$ cat run15.pdb   # PDB, C-alpha atoms and all ligand atoms
ATOM      1  CA  MET A   1     -24.932  39.474 -71.760
ATOM      2  CA  TYR A   2     -24.979  42.573 -73.966
ATOM      3  CA  GLU A   3     -23.088  45.660 -72.850
ATOM      4  CA  ILE A   4     -24.657  49.126 -72.906
ATOM      5  CA  LEU A   5     -21.894  51.141 -74.549
ATOM      6  CA  LYS A   6     -23.634  54.501 -74.631
ATOM      7  CA  ILE A   7     -26.807  56.203 -73.416
ATOM      8  CA  ARG A   8     -28.000  59.438 -75.032
ATOM      9  CA  ALA A   9     -30.833  61.117 -73.107
ATOM     10  CA  PHE A  10     -33.229  63.223 -75.191
ATOM     11  CA  THR A  11     -35.657  63.859 -72.313
ATOM     12  CA  GLU A  12     -36.274  62.366 -68.861
ATOM     13  CA  SER A  13     -38.281  59.576 -70.510
ATOM     14  CA  ILE A  14     -36.693  59.154 -73.956
ATOM     15  CA  ARG A  15     -33.220  57.658 -74.270
ATOM     16  CA  GLU A  16     -31.148  56.100 -77.010
ATOM     17  CA  TYR A  17     -29.102  53.018 -76.086
ATOM     18  CA  THR A  18     -26.122  51.689 -78.012
ATOM     19  CA  PHE A  19     -25.597  47.998 -77.311
ATOM     20  CA  SER A  20     -22.755  45.725 -78.221
ATOM     21  CA  ALA A  21     -24.659  43.071 -80.197
ATOM     22  CA  PRO A  22     -22.514  41.915 -83.134
ATOM     23  CA  LEU A  23     -24.867  39.199 -84.420
ATOM     24  CA  ALA A  24     -27.886  41.532 -84.514
ATOM     25  CA  ALA A  25     -25.770  44.336 -86.046
ATOM     26  CA  ARG A  26     -24.444  42.103 -88.820
ATOM     27  CA  ARG A  27     -27.833  41.524 -90.464
ATOM     28  CA  ALA A  28     -29.929  44.508 -89.296
ATOM     29  CA  GLU A  29     -31.924  46.344 -91.962
ATOM     30  CA  PRO A  30     -34.274  49.333 -91.697
ATOM     31  CA  GLY A  31     -37.714  48.334 -90.395
ATOM     32  CA  GLN A  32     -36.450  45.485 -88.202
ATOM     33  CA  PHE A  33     -36.480  45.228 -84.432
ATOM     34  CA  ILE A  34     -34.872  43.425 -81.538
ATOM     35  CA  ILE A  35     -36.507  41.760 -78.551
ATOM     36  CA  LEU A  36     -34.664  42.570 -75.364
ATOM     37  CA  ARG A  37     -34.748  41.175 -71.839
ATOM     38  CA  VAL A  38     -33.168  43.391 -69.184
ATOM     39  CA  ASP A  39     -32.404  40.527 -66.791
ATOM     40  CA  GLU A  40     -33.251  36.883 -66.351
ATOM     41  CA  TYR A  41     -36.575  37.719 -64.672
ATOM     42  CA  GLY A  42     -37.469  40.233 -67.370
ATOM     43  CA  GLU A  43     -40.261  40.457 -69.930
ATOM     44  CA  ARG A  44     -39.355  40.274 -73.614
ATOM     45  CA  VAL A  45     -39.912  43.741 -75.119
ATOM     46  CA  PRO A  46     -39.533  44.793 -78.764
ATOM     47  CA  PHE A  47     -37.645  47.903 -79.884
ATOM     48  CA  THR A  48     -36.951  49.116 -83.417
ATOM     49  CA  ILE A  49     -33.314  49.102 -84.508
ATOM     50  CA  CYS A  50     -32.752  52.773 -85.302
ATOM     51  CA  GLY A  51     -29.113  52.263 -86.255
ATOM     52  CA  ALA A  52     -26.600  49.460 -86.654
ATOM     53  CA  ASP A  53     -22.853  49.562 -87.140
ATOM     54  CA  LYS A  54     -21.793  46.238 -88.634
ATOM     55  CA  ALA A  55     -18.060  46.952 -88.254
ATOM     56  CA  ALA A  56     -18.333  47.990 -84.596
ATOM     57  CA  GLY A  57     -20.930  45.285 -83.853
ATOM     58  CA  THR A  58     -23.391  47.728 -82.292
ATOM     59  CA  VAL A  59     -27.120  48.390 -82.512
ATOM     60  CA  ARG A  60     -28.989  51.476 -81.339
ATOM     61  CA  VAL A  61     -32.550  51.673 -80.044
ATOM     62  CA  LEU A  62     -34.609  54.647 -78.895
ATOM     63  CA  VAL A  63     -36.709  53.854 -75.827
ATOM     64  CA  GLN A  64     -39.614  55.751 -74.277
ATOM     65  CA  THR A  65     -40.207  54.887 -70.638
ATOM     66  CA  VAL A  66     -43.833  53.746 -70.301
ATOM     67  CA  GLY A  67     -43.955  50.783 -67.903
ATOM     68  CA  ALA A  68     -42.132  48.197 -65.828
ATOM     69  CA  THR A  69     -39.498  47.020 -68.314
ATOM     70  CA  THR A  70     -38.689  50.385 -69.835
ATOM     71  CA  MET A  71     -38.348  51.751 -66.276
ATOM     72  CA  LYS A  72     -35.948  48.938 -65.458
ATOM     73  CA  LEU A  73     -33.951  49.787 -68.577
ATOM     74  CA  ALA A  74     -33.968  53.482 -67.639
ATOM     75  CA  ALA A  75     -32.220  52.526 -64.402
ATOM     76  CA  CYS A  76     -29.346  50.862 -66.304
ATOM     77  CA  LYS A  77     -26.066  52.727 -66.720
ATOM     78  CA  GLU A  78     -23.420  52.880 -69.434
ATOM     79  CA  GLY A  79     -21.057  49.961 -68.920
ATOM     80  CA  GLY A  80     -23.901  47.825 -67.552
ATOM     81  CA  CYS A  81     -25.419  44.892 -69.411
ATOM     82  CA  VAL A  82     -28.800  43.526 -70.434
ATOM     83  CA  ARG A  83     -29.466  39.795 -70.326
ATOM     84  CA  ASP A  84     -30.674  39.040 -73.885
ATOM     85  CA  ILE A  85     -30.969  40.662 -77.263
ATOM     86  CA  ALA A  86     -32.672  38.615 -79.994
ATOM     87  CA  GLY A  87     -32.769  39.862 -83.548
ATOM     88  CA  PRO A  88     -32.939  41.307 -86.029
ATOM     89  CA  LEU A  89     -36.612  40.297 -86.154
ATOM     90  CA  GLY A  90     -39.406  41.174 -88.569
ATOM     91  CA  ARG A  91     -39.201  41.859 -92.270
ATOM     92  CA  PRO A  92     -36.991  44.701 -93.486
ATOM     93  CA  THR A  93     -38.672  47.713 -95.092
ATOM     94  CA  ASP A  94     -38.925  47.240 -98.855
ATOM     95  CA  LEU A  95     -37.982  50.625-100.274
ATOM     96  CA  SER A  96     -36.928  49.280-103.665
ATOM     97  CA  GLU A  97     -40.310  49.328-105.392
ATOM     98  CA  TYR A  98     -40.991  53.048-105.170
ATOM     99  CA  GLY A  99     -39.422  56.130-106.741
ATOM    100  CA  LYS A 100     -40.223  59.218-104.683
ATOM    101  CA  ILE A 101     -41.007  58.398-101.051
ATOM    102  CA  LEU A 102     -42.501  60.468 -98.233
ATOM    103  CA  LEU A 103     -41.590  59.258 -94.722
ATOM    104  CA  ILE A 104     -43.851  60.383 -91.856
ATOM    105  CA  ALA A 105     -43.073  59.896 -88.154
ATOM    106  CA  GLY A 106     -45.027  60.810 -85.051
ATOM    107  CA  GLY A 107     -43.148  60.961 -81.729
ATOM    108  CA  ILE A 108     -40.637  58.155 -81.263
ATOM    109  CA  GLY A 109     -41.683  56.810 -84.677
ATOM    110  CA  ALA A 110     -38.674  58.892 -85.764
ATOM    111  CA  ALA A 111     -36.591  55.870 -84.707
ATOM    112  CA  VAL A 112     -38.155  53.869 -87.538
ATOM    113  CA  ILE A 113     -37.794  56.457 -90.320
ATOM    114  CA  LEU A 114     -34.210  57.464 -89.419
ATOM    115  CA  PRO A 115     -32.563  54.308 -90.890
ATOM    116  CA  GLN A 116     -35.016  54.356 -93.823
ATOM    117  CA  ALA A 117     -34.078  57.978 -94.652
ATOM    118  CA  GLU A 118     -30.393  57.134 -94.240
ATOM    119  CA  LYS A 119     -30.614  54.146 -96.589
ATOM    120  CA  LEU A 120     -32.449  56.168 -99.254
ATOM    121  CA  ALA A 121     -29.872  58.975 -98.965
ATOM    122  CA  ARG A 122     -27.016  56.464 -99.357
ATOM    123  CA  GLU A 123     -28.688  55.215-102.548
ATOM    124  CA  GLY A 124     -28.873  58.802-103.843
ATOM    125  CA  ARG A 125     -32.667  59.088-103.699
ATOM    126  CA  CYS A 126     -33.404  61.218-100.661
ATOM    127  CA  ALA A 127     -36.955  61.067 -99.325
ATOM    128  CA  ASP A 128     -39.106  63.940 -98.188
ATOM    129  CA  THR A 129     -39.929  63.620 -94.499
ATOM    130  CA  ILE A 130     -42.504  64.910 -92.032
ATOM    131  CA  ILE A 131     -41.817  64.556 -88.311
ATOM    132  CA  GLY A 132     -44.308  65.541 -85.652
ATOM    133  CA  ALA A 133     -44.533  65.591 -81.884
ATOM    134  CA  ARG A 134     -46.697  67.097 -79.163
ATOM    135  CA  SER A 135     -44.062  69.777 -78.449
ATOM    136  CA  ALA A 136     -40.482  70.787 -79.293
ATOM    137  CA  GLU A 137     -38.752  68.811 -76.509
ATOM    138  CA  LEU A 138     -40.392  65.582 -77.724
ATOM    139  CA  LEU A 139     -38.976  65.921 -81.249
ATOM    140  CA  VAL A 140     -36.192  63.391 -81.676
ATOM    141  CA  TYR A 141     -33.574  62.936 -84.396
ATOM    142  CA  GLU A 142     -34.649  66.159 -86.167
ATOM    143  CA  SER A 143     -31.121  67.122 -87.262
ATOM    144  CA  ASP A 144     -30.187  63.520 -88.170
ATOM    145  CA  ILE A 145     -33.302  63.121 -90.319
ATOM    146  CA  ARG A 146     -32.769  66.568 -91.929
ATOM    147  CA  GLU A 147     -29.296  65.442 -93.035
ATOM    148  CA  PHE A 148     -30.800  62.494 -94.962
ATOM    149  CA  SER A 149     -33.920  64.248 -96.335
ATOM    150  CA  GLN A 150     -34.512  66.222 -99.487
ATOM    151  CA  ASN A 151     -37.121  68.304 -97.624
ATOM    152  CA  LEU A 152     -37.857  67.937 -93.916
ATOM    153  CA  HIS A 153     -41.128  69.330 -92.543
ATOM    154  CA  THR A 154     -41.463  69.632 -88.780
ATOM    155  CA  VAL A 155     -44.799  70.045 -86.998
ATOM    156  CA  THR A 156     -45.780  70.203 -83.342
ATOM    157  CA  ASP A 157     -49.258  70.125 -81.796
ATOM    158  CA  ASP A 158     -48.531  73.320 -79.822
ATOM    159  CA  GLY A 159     -46.418  75.117 -82.442
ATOM    160  CA  SER A 160     -43.313  75.176 -80.197
ATOM    161  CA  ALA A 161     -41.213  73.924 -83.154
ATOM    162  CA  GLY A 162     -41.931  73.932 -86.878
ATOM    163  CA  ASP A 163     -45.504  74.504 -88.011
ATOM    164  CA  LYS A 164     -48.361  74.188 -85.543
ATOM    165  CA  GLY A 165     -50.580  71.203 -86.299
ATOM    166  CA  PHE A 166     -50.623  67.494 -87.033
ATOM    167  CA  VAL A 167     -48.620  65.500 -89.555
ATOM    168  CA  THR A 168     -51.833  64.838 -91.506
ATOM    169  CA  GLU A 169     -52.369  68.585 -92.027
ATOM    170  CA  LYS A 170     -48.844  68.980 -93.415
ATOM    171  CA  LEU A 171     -49.411  65.899 -95.608
ATOM    172  CA  LYS A 172     -52.559  67.454 -97.090
ATOM    173  CA  VAL A 173     -50.767  70.773 -97.703
ATOM    174  CA  LEU A 174     -48.005  68.953 -99.604
ATOM    175  CA  LEU A 175     -50.400  66.850-101.695
ATOM    176  CA  ASP A 176     -52.746  69.761-102.427
ATOM    177  CA  GLY A 177     -49.687  71.853-103.344
ATOM    178  CA  GLY A 178     -48.922  69.381-106.132
ATOM    179  CA  LYS A 179     -46.204  67.229-104.525
ATOM    180  CA  LYS A 180     -46.104  63.788-106.127
ATOM    181  CA  TYR A 181     -45.047  60.654-104.260
ATOM    182  CA  ASP A 182     -45.049  56.995-105.218
ATOM    183  CA  ALA A 183     -45.481  55.862-101.617
ATOM    184  CA  VAL A 184     -45.871  57.110 -98.078
ATOM    185  CA  PHE A 185     -44.324  55.258 -95.099
ATOM    186  CA  ALA A 186     -45.937  56.270 -91.808
ATOM    187  CA  VAL A 187     -45.119  55.285 -88.236
ATOM    188  CA  GLY A 188     -46.341  56.568 -84.907
ATOM    189  CA  PRO A 189     -49.355  56.200 -82.631
ATOM    190  CA  LEU A 190     -52.062  53.911 -84.031
ATOM    191  CA  MET A 191     -54.598  56.697 -84.563
ATOM    192  CA  MET A 192     -52.005  58.863 -86.329
ATOM    193  CA  MET A 193     -51.291  56.038 -88.800
ATOM    194  CA  LYS A 194     -55.032  55.486 -89.294
ATOM    195  CA  ALA A 195     -55.475  59.214 -90.035
ATOM    196  CA  VAL A 196     -52.543  59.260 -92.497
ATOM    197  CA  ALA A 197     -53.958  56.214 -94.298
ATOM    198  CA  ALA A 198     -57.384  57.902 -94.529
ATOM    199  CA  VAL A 199     -55.813  60.992 -96.167
ATOM    200  CA  THR A 200     -53.667  59.035 -98.639
ATOM    201  CA  LYS A 201     -56.603  56.815 -99.621
ATOM    202  CA  GLU A 202     -58.383  59.929-100.947
ATOM    203  CA  TYR A 203     -55.361  60.608-103.166
ATOM    204  CA  GLY A 204     -54.911  56.960-104.233
ATOM    205  CA  LEU A 205     -51.412  56.998-102.748
ATOM    206  CA  LYS A 206     -49.778  53.714-101.646
ATOM    207  CA  THR A 207     -49.200  53.768 -97.878
ATOM    208  CA  VAL A 208     -47.166  51.495 -95.626
ATOM    209  CA  VAL A 209     -47.570  51.618 -91.838
ATOM    210  CA  SER A 210     -45.445  50.038 -89.081
ATOM    211  CA  MET A 211     -47.580  48.258 -86.484
ATOM    212  CA  ASN A 212     -46.410  48.277 -82.834
ATOM    213  CA  SER A 213     -48.674  45.441 -81.677
ATOM    214  CA  LEU A 214     -48.224  43.893 -78.263
ATOM    215  CA  MET A 215     -45.721  41.055 -78.641
ATOM    216  CA  VAL A 216     -44.539  38.125 -76.553
ATOM    217  CA  ASP A 217     -42.359  35.630 -78.410
ATOM    218  CA  GLY A 218     -41.733  37.599 -81.635
ATOM    219  CA  THR A 219     -41.556  34.368 -83.659
ATOM    220  CA  GLY A 220     -45.150  33.888 -84.833
ATOM    221  CA  MET A 221     -45.976  31.248 -82.201
ATOM    222  CA  CYS A 222     -48.019  32.964 -79.482
ATOM    223  CA  GLY A 223     -50.529  34.944 -81.558
ATOM    224  CA  CYS A 224     -50.277  38.039 -79.341
ATOM    225  CA  CYS A 225     -49.432  40.417 -82.218
ATOM    226  CA  ARG A 226     -52.313  39.228 -84.419
ATOM    227  CA  LEU A 227     -53.851  41.793 -86.806
ATOM    228  CA  THR A 228     -56.360  41.744 -89.620
ATOM    229  CA  VAL A 229     -54.958  43.064 -92.894
ATOM    230  CA  GLY A 230     -57.077  42.914 -96.045
ATOM    231  CA  GLY A 231     -59.469  40.552 -94.249
ATOM    232  CA  LYS A 232     -56.661  38.079 -93.487
ATOM    233  CA  THR A 233     -54.974  37.277 -90.185
ATOM    234  CA  LYS A 234     -51.376  38.460 -90.011
ATOM    235  CA  TYR A 235     -48.742  38.464 -87.273
ATOM    236  CA  ALA A 236     -46.862  41.736 -86.860
ATOM    237  CA  CYS A 237     -43.703  39.978 -85.660
ATOM    238  CA  VAL A 238     -43.168  37.713 -88.672
ATOM    239  CA  ASP A 239     -45.411  39.091 -91.441
ATOM    240  CA  GLY A 240     -44.627  42.717 -90.535
ATOM    241  CA  PRO A 241     -44.231  44.980 -88.725
ATOM    242  CA  GLU A 242     -45.017  46.894 -91.952
ATOM    243  CA  PHE A 243     -48.314  46.480 -93.755
ATOM    244  CA  ASP A 244     -50.454  48.191 -96.377
ATOM    245  CA  GLY A 245     -52.057  51.042 -94.438
ATOM    246  CA  HIS A 246     -55.220  50.895 -96.550
ATOM    247  CA  GLU A 247     -55.750  47.256 -95.617
ATOM    248  CA  VAL A 248     -55.068  47.293 -91.852
ATOM    249  CA  ASP A 249     -58.076  47.028 -89.533
ATOM    250  CA  PHE A 250     -56.965  49.857 -87.197
ATOM    251  CA  ASP A 251     -60.075  49.702 -85.005
ATOM    252  CA  GLU A 252     -59.472  46.044 -84.198
ATOM    253  CA  ALA A 253     -55.772  46.806 -83.610
ATOM    254  CA  ALA A 254     -56.772  49.558 -81.134
ATOM    255  CA  VAL A 255     -59.010  47.145 -79.231
ATOM    256  CA  ARG A 256     -56.245  44.525 -79.135
ATOM    257  CA  ALA A 257     -53.707  47.132 -77.902
ATOM    258  CA  ARG A 258     -55.935  47.644 -74.831
ATOM    259  CA  ILE A 259     -56.825  43.996 -74.418
ATOM    260  CA  TYR A 260     -54.926  43.537 -71.144
ATOM    261  CA  GLY A 261     -55.877  46.979 -69.756
ATOM    262  CA  GLU A 262     -58.159  45.631 -67.024
ATOM    263  CA  GLN A 263     -55.653  42.985 -65.905
ATOM    264  CA  GLU A 264     -52.872  45.630 -65.891
ATOM    265  CA  LYS A 265     -54.909  47.807 -63.498
ATOM    266  CA  SER A 266     -55.458  45.097 -60.924
ATOM    267  CA  HIS A 267     -52.424  42.856 -61.161
ATOM    268  CA  VAL A 268     -49.382  43.189 -58.946
ATOM    269  CA  CYS A 269     -46.330  43.394 -61.184
ATOM    270  CA  ARG A 270     -43.721  40.876 -60.047
ATOM    271  CA  LEU A 271     -41.257  42.232 -62.632
ATOM    272  CA  LYS A 272     -40.852  45.603 -60.888
ATOM    273  CA  ASN A 273     -39.327  43.980 -57.839
ATOM    274  CA  ALA A 274     -37.490  41.192 -59.605
ATOM    275  CA  HIS A 275     -33.728  41.505 -59.637
TER     276      HIS A 275
HETATM  277  C1  LIG A 301     -42.183  46.046 -83.509
HETATM  278  C2  LIG A 301     -42.188  46.988 -82.340
HETATM  279  C3  LIG A 301     -41.236  47.986 -82.274
HETATM  280  C4  LIG A 301     -41.221  48.867 -81.170
HETATM  281  N1  LIG A 301     -40.262  49.820 -81.155
HETATM  282  C5  LIG A 301     -40.187  50.649 -80.089
HETATM  283  C6  LIG A 301     -39.142  51.609 -80.011
HETATM  284  O1  LIG A 301     -38.294  51.736 -80.912
HETATM  285  N2  LIG A 301     -39.095  52.395 -78.898
HETATM  286  C7  LIG A 301     -40.021  52.279 -77.886
HETATM  287  O2  LIG A 301     -39.902  53.015 -76.885
HETATM  288  N3  LIG A 301     -41.024  51.390 -77.949
HETATM  289  C8  LIG A 301     -41.118  50.564 -79.013
HETATM  290  N4  LIG A 301     -42.116  49.628 -79.059
HETATM  291  C9  LIG A 301     -43.081  49.558 -77.935
HETATM  292  C10 LIG A 301     -42.401  48.876 -76.752
HETATM  293  O3  LIG A 301     -42.163  47.529 -77.053
HETATM  294  C11 LIG A 301     -43.307  48.987 -75.507
HETATM  295  O4  LIG A 301     -43.403  50.343 -75.151
HETATM  296  C12 LIG A 301     -42.710  48.205 -74.359
HETATM  297  O5  LIG A 301     -42.895  46.840 -74.595
HETATM  298  C13 LIG A 301     -43.382  48.596 -73.066
HETATM  299  O6  LIG A 301     -42.879  47.767 -72.037
HETATM  300  P1  LIG A 301     -43.034  48.155 -70.511
HETATM  301  O7  LIG A 301     -42.920  46.902 -69.712
HETATM  302  O8  LIG A 301     -42.128  49.266 -70.158
HETATM  303  O9  LIG A 301     -44.495  48.736 -70.438
HETATM  304  P2  LIG A 301     -45.837  47.945 -70.110
HETATM  305  O10 LIG A 301     -46.036  47.985 -68.642
HETATM  306  O11 LIG A 301     -45.838  46.634 -70.834
HETATM  307  O12 LIG A 301     -46.855  48.901 -70.821
HETATM  308  C14 LIG A 301     -47.020  50.259 -70.389
HETATM  309  C15 LIG A 301     -48.009  50.914 -71.315
HETATM  310  O13 LIG A 301     -47.506  50.896 -72.668
HETATM  311  C16 LIG A 301     -48.409  50.204 -73.522
HETATM  312  N5  LIG A 301     -47.676  49.367 -74.470
HETATM  313  C17 LIG A 301     -47.030  48.203 -74.219
HETATM  314  N6  LIG A 301     -46.528  47.689 -75.358
HETATM  315  C18 LIG A 301     -46.875  48.547 -76.344
HETATM  316  C19 LIG A 301     -46.688  48.567 -77.743
HETATM  317  N7  LIG A 301     -46.078  47.575 -78.380
HETATM  318  N8  LIG A 301     -47.161  49.621 -78.440
HETATM  319  C20 LIG A 301     -47.811  50.602 -77.828
HETATM  320  N9  LIG A 301     -48.054  50.641 -76.506
HETATM  321  C21 LIG A 301     -47.595  49.624 -75.784
HETATM  322  C22 LIG A 301     -49.243  49.320 -72.598
HETATM  323  O14 LIG A 301     -50.524  49.020 -73.154
HETATM  324  C23 LIG A 301     -49.352  50.163 -71.354
HETATM  325  O15 LIG A 301     -50.360  51.131 -71.462
HETATM  326  C24 LIG A 301     -42.182  48.738 -80.132
HETATM  327  C25 LIG A 301     -43.149  47.731 -80.208
HETATM  328  C26 LIG A 301     -43.159  46.879 -81.296
HETATM  329  C27 LIG A 301     -44.174  45.795 -81.378
HETATM  330  S1  LIG A 302     -45.401  38.054 -80.839
HETATM  331 FE1  LIG A 302     -46.157  36.042 -80.721
HETATM  332  S2  LIG A 302     -46.979  35.684 -82.685
HETATM  333 FE2  LIG A 302     -46.084  37.653 -82.854
END

$ encode --input "run15.pdb" --output "structure tokens" --more "lines below"
Ligand SMILES: Cc1cc2nc3c(=O)[nH]c(=O)nc-3n(C[C@H](O)[C@H](O)[C@H](O)COP(=O)(O)OP(=O)(O)OC[C@H]3O[C@@H](n4cnc5c(N)ncnc54)[C@H](O)[C@@H]3O)c2cc1C
Ligand code: FES
Amino acid sequence: MYEILKIRAFTESIREYTFSAPLAARRAEPGQFIILRVDEYGERVPFTICGADKAAGTVRVLVQTVGATTMKLAACKEGGCVRDIAGPLGRPTDLSEYGKILLIAGGIGAAVILPQAEKLAREGRCADTIIGARSAELLVYESDIREFSQNLHTVTDDGSAGDKGFVTEKLKVLLDGGKKYDAVFAVGPLMMMKAVAAVTKEYGLKTVVSMNSLMVDGTGMCGCCRLTVGGKTKYACVDGPEFDGHEVDFDEAAVRARIYGEQEKSHVCRLKNAH
């Protein structure tokens, strides 16, 4: 059992959980994730590790409530426990190869770039960052990311915070204004990452994206998280979750993300009532 030490609510549907999970905390690196099961009847669901404290033995994850398991987690209280936490899983982000980095996050993708920005700041090579959301209340970790950034640019679709527009528009403004980067790391909704990769391809700028494929086992066995990258089959859980954004087949990934849509509409979820 893994205790929930703290819950920080950003909105009704977005919360950050701090778990006591010393083994996961000990080896966690930016870009990695855990797979969590709320109780013994629960599904295994992946969440990015947005912070780890090795000394305290804690990991933090930011969770958006979207379905049965995240609803079950939303009902948990501080001092309660979840059944299993496996991790860290996936390959850590490799930030070593590039000089000047631009990190881009859409929505709760901020959970992925926060530890990346923090690591770069600790190494004395602060990144520039762009964070975007539909509106001001859905912007998360803005002040934390600002602390670790050389320049933070905030955009919202409705203009309620920062500049009005999409992250891709801000990206173009920066590149057309003469900003030079060695690599862009982008994370967020699939179509946002596809759009970022399309922009950076025009500028010949290396781009890494973090793929949130549907996952089951998280160990490369079940094939659920399969993607095509550069014409080759890859598994997001063990080969990723980060891949070259110019090589990912986003259209196939979008089809696979909806692959169980019909079954989800008609099936009766046993997990909702399991306890
Ligand atoms: C490597 C990785 C890291 C992730 N990190 C985070 C994170 O830090 N915070 C967070 O809130 N979520 C994260 N996710 C997504 C999260 O795992 C899903 O939202 C969760 O599994 C949904 O479970 P559920 O039972 O509540 O919803 P379900 O009932 O399973 O699904 C509800 C809806 O969400 C969609 N959905 C399910 N899984 C995903 C997914 N992987 N990506 C996009 N849409 C999905 C379904 O198609 C459906 O429309 C991550 C996924 C991966 C693969
Ligand atoms: S989740 Fe099963 S192979 Fe990746």

$ resolve_selection --input "run15.pdb" --expression "the PyMOL selection byres (((chain A and resi 35) around 12) and not hetatm)" --output "PDB file with C-alpha atoms, keeping the file's coordinate frame"
ATOM      1  CA  ALA A  24     -27.886  41.532 -84.514  1.00  0.00           C
ATOM      2  CA  GLN A  32     -36.450  45.485 -88.202  1.00  0.00           C
ATOM      3  CA  PHE A  33     -36.480  45.228 -84.432  1.00  0.00           C
ATOM      4  CA  ILE A  34     -34.872  43.425 -81.538  1.00  0.00           C
ATOM      5  CA  LEU A  36     -34.664  42.570 -75.364  1.00  0.00           C
ATOM      6  CA  ARG A  37     -34.748  41.175 -71.839  1.00  0.00           C
ATOM      7  CA  VAL A  38     -33.168  43.391 -69.184  1.00  0.00           C
ATOM      8  CA  GLY A  42     -37.469  40.233 -67.370  1.00  0.00           C
ATOM      9  CA  GLU A  43     -40.261  40.457 -69.930  1.00  0.00           C
ATOM     10  CA  ARG A  44     -39.355  40.274 -73.614  1.00  0.00           C
ATOM     11  CA  VAL A  45     -39.912  43.741 -75.119  1.00  0.00           C
ATOM     12  CA  PRO A  46     -39.533  44.793 -78.764  1.00  0.00           C
ATOM     13  CA  PHE A  47     -37.645  47.903 -79.884  1.00  0.00           C
ATOM     14  CA  THR A  48     -36.951  49.116 -83.417  1.00  0.00           C
ATOM     15  CA  ILE A  49     -33.314  49.102 -84.508  1.00  0.00           C
ATOM     16  CA  VAL A  61     -32.550  51.673 -80.044  1.00  0.00           C
ATOM     17  CA  THR A  69     -39.498  47.020 -68.314  1.00  0.00           C
ATOM     18  CA  VAL A  82     -28.800  43.526 -70.434  1.00  0.00           C
ATOM     19  CA  ARG A  83     -29.466  39.795 -70.326  1.00  0.00           C
ATOM     20  CA  ASP A  84     -30.674  39.040 -73.885  1.00  0.00           C
ATOM     21  CA  ILE A  85     -30.969  40.662 -77.263  1.00  0.00           C
ATOM     22  CA  ALA A  86     -32.672  38.615 -79.994  1.00  0.00           C
ATOM     23  CA  GLY A  87     -32.769  39.862 -83.548  1.00  0.00           C
ATOM     24  CA  PRO A  88     -32.939  41.307 -86.029  1.00  0.00           C
ATOM     25  CA  LEU A  89     -36.612  40.297 -86.154  1.00  0.00           C
ATOM     26  CA  GLY A  90     -39.406  41.174 -88.569  1.00  0.00           C
ATOM     27  CA  LEU A 214     -48.224  43.893 -78.263  1.00  0.00           C
ATOM     28  CA  MET A 215     -45.721  41.055 -78.641  1.00  0.00           C
ATOM     29  CA  VAL A 216     -44.539  38.125 -76.553  1.00  0.00           C
ATOM     30  CA  ASP A 217     -42.359  35.630 -78.410  1.00  0.00           C
ATOM     31  CA  GLY A 218     -41.733  37.599 -81.635  1.00  0.00           C
ATOM     32  CA  THR A 219     -41.556  34.368 -83.659  1.00  0.00           C
ATOM     33  CA  CYS A 237     -43.703  39.978 -85.660  1.00  0.00           C
TER      34      CYS A 237
END

$ residues_around --input "run15.pdb" --residues "stretch 131-139 of chain A" --least-positions-apart "4" --cutoff "10 Å" --atoms "all atoms listed in the file" --output "VMD selection string"
chain A and resid 10 to 11 13 to 14 103 to 110 113 143 145 to 146 152 to 168 170 186 to 188

$ residues_around --input "run15.pdb" --residues "A:Asp251" --least-positions-apart "6" --cutoff "12 Å" --atoms "all atoms listed in the file" --output "PyMOL selection string"
chain A and resi 190-191+193-195+227-229+257-258

$ atom_distance --input "run15.pdb" --atom1 "atom CA of A:Tyr235" --atom2 "atom CA of A:Val63"
22.6 Å

$ closest_residue --input "run15.pdb" --among "A:Gly245, A:Gly57, A:Gly204, A:Gly240" --to "ligand LIG 301 (chain A)" --atoms "only C-alpha atoms and all ligand atoms"
A:Gly240

$ closest_residue --input "run15.pdb" --among "A:Arg91, A:Lys172, A:Lys72, A:Lys6" --to "A:Phe243" --atoms "all atoms listed in the file"
A:Arg91

$ closest_residue --input "run15.pdb" --among "A:Val199, A:Ala9, A:Ala254, A:Leu175" --to "A:Thr65" --atoms "all atoms listed in the file"
A:Ala9

$ decode --input "run15.pdb" --residues "stretch 139-145 of chain A" --atoms "N, CA and C atoms" --output "compact mmCIF listing (two decimals), in the first residue's frame"
# COMPACT_ATOMS: atom_id res chain seq x y z
N LEU A 139 -4.43 26.49 -16.43
CA LEU A 139 -2.96 26.59 -16.47
C LEU A 139 -2.41 26.03 -15.16
N VAL A 140 -1.54 25.06 -15.25
CA VAL A 140 -0.98 24.49 -14.01
C VAL A 140 0.53 24.69 -13.97
N TYR A 141 1.04 24.83 -12.77
CA TYR A 141 2.48 24.94 -12.51
C TYR A 141 3.12 26.18 -13.16
N GLU A 142 2.32 27.22 -13.44
CA GLU A 142 2.89 28.39 -14.13
C GLU A 142 4.04 29.00 -13.31
N SER A 143 3.79 29.22 -11.99
CA SER A 143 4.83 29.90 -11.21
C SER A 143 6.03 28.98 -10.99
N ASP A 144 5.77 27.67 -10.84
CA ASP A 144 6.90 26.72 -10.66
C ASP A 144 7.77 26.70 -11.92
N ILE A 145 7.12 26.65 -13.08
CA ILE A 145 7.89 26.57 -14.33
C ILE A 145 8.62 27.90 -14.57
